[in-house]
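See structure below.
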Amino acid sequence: LHCVTGFQGKLSCVQGAQYEKISYKKLWAQLIEKDLSKVEMKKSLGLSSGTMSKLSKGEDVSLSVLLRICDYLSCDIGDICEALSVNAE
């Protein structure tokens, strides 16, 4: 698995020639564990509604956003997201 920052800083992961889907379930678990709400995170980091929507839908967001979230939660990027195979069941 190889993750790269592509066009407009969006994170894309590739395994061979197959693209992966990003899951942010770990992010939501981190927020619950730290007793924080999505709204608190959004306000503290100055995230746009569009970015929050993308996170909620499991869509690509910029690497810089993910790193800001990591800094806010004092964690590593692997603690807030993971790459899932497109063909995973």
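Ligands are numbered from 1 in the order shown, residues from 1 within each chain, and chains are lettered A, B, ... in the order they appear in the structure tokens.
Shell of A:Asp76 at 12 Å, with only C-alpha atoms counted and residues fewer than 5 places along the chain excluded, is Lys26, Leu27, Gln30, Leu66, Leu67, Arg68, Ile69, Cys70, Asp71, Cys81 and Glu82 of chain A.
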Spatial neighbours of stretch 38-46 of chain A, 9 Å, only C-alpha atoms, chain gap at least 4 places, as an NGL selection string: :A and (28 or 31 or 52 or 65 or 68-69 or 72)
Test item: residues at most 12 Å from A:Lys25, only C-alpha atoms, excluding those fewer than 3 positions along its chain, as a PyMOL selection string: chain A and resi 22+28-32+55-58+78-84
Those in stretch 15-77 of chain A with alpha helix (DSSP H) from DSSP, as a ChimeraX atom specification: /A:25-33,38-45,49-57,63-73
Among the residues of stretch 26-85 of chain A, find those DSSP assigns to strand (DSSP E) from the backbone and print them as an mmCIF file with N, CA, C and O atoms, in the first residue's frame.
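Now in out07.cif:
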data_model
loop_
_atom_site.group_PDB
_atom_site.id
_atom_site.type_symbol
_atom_site.label_atom_id
_atom_site.label_comp_id
_atom_site.auth_asym_id
_atom_site.auth_seq_id
_atom_site.Cartn_x
_atom_site.Cartn_y
_atom_site.Cartn_z
ATOM 1 N N GLU A 82 -7.951 4.735 7.637
ATOM 2 C CA GLU A 82 -7.319 3.545 7.094
ATOM 3 C C GLU A 82 -7.776 3.340 5.669
ATOM 4 O O GLU A 82 -8.870 3.771 5.286
ATOM 5 N N ALA A 83 -6.917 2.716 4.881
ATOM 6 C CA ALA A 83 -7.242 2.412 3.492
ATOM 7 C C ALA A 83 -7.945 1.068 3.433
ATOM 8 O O ALA A 83 -7.493 0.094 4.009
ATOM 9 N N LEU A 84 -9.059 1.048 2.737
ATOM 10 C CA LEU A 84 -9.833 -0.184 2.546
ATOM 11 C C LEU A 84 -9.827 -0.548 1.076
ATOM 12 O O LEU A 84 -9.952 0.332 0.224
ATOM 13 N N SER A 85 -9.700 -1.811 0.779
ATOM 14 C CA SER A 85 -9.737 -2.260 -0.595
ATOM 15 C C SER A 85 -11.113 -1.975 -1.189
ATOM 16 O O SER A 85 -12.132 -2.153 -0.513
#
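Minimum atom-to-atom distance to A:Ile77, evaluated using only C-alpha atoms, belongs to A:Tyr24 out of A:Asp60, A:Tyr24, A:Ser48, A:Asp35.
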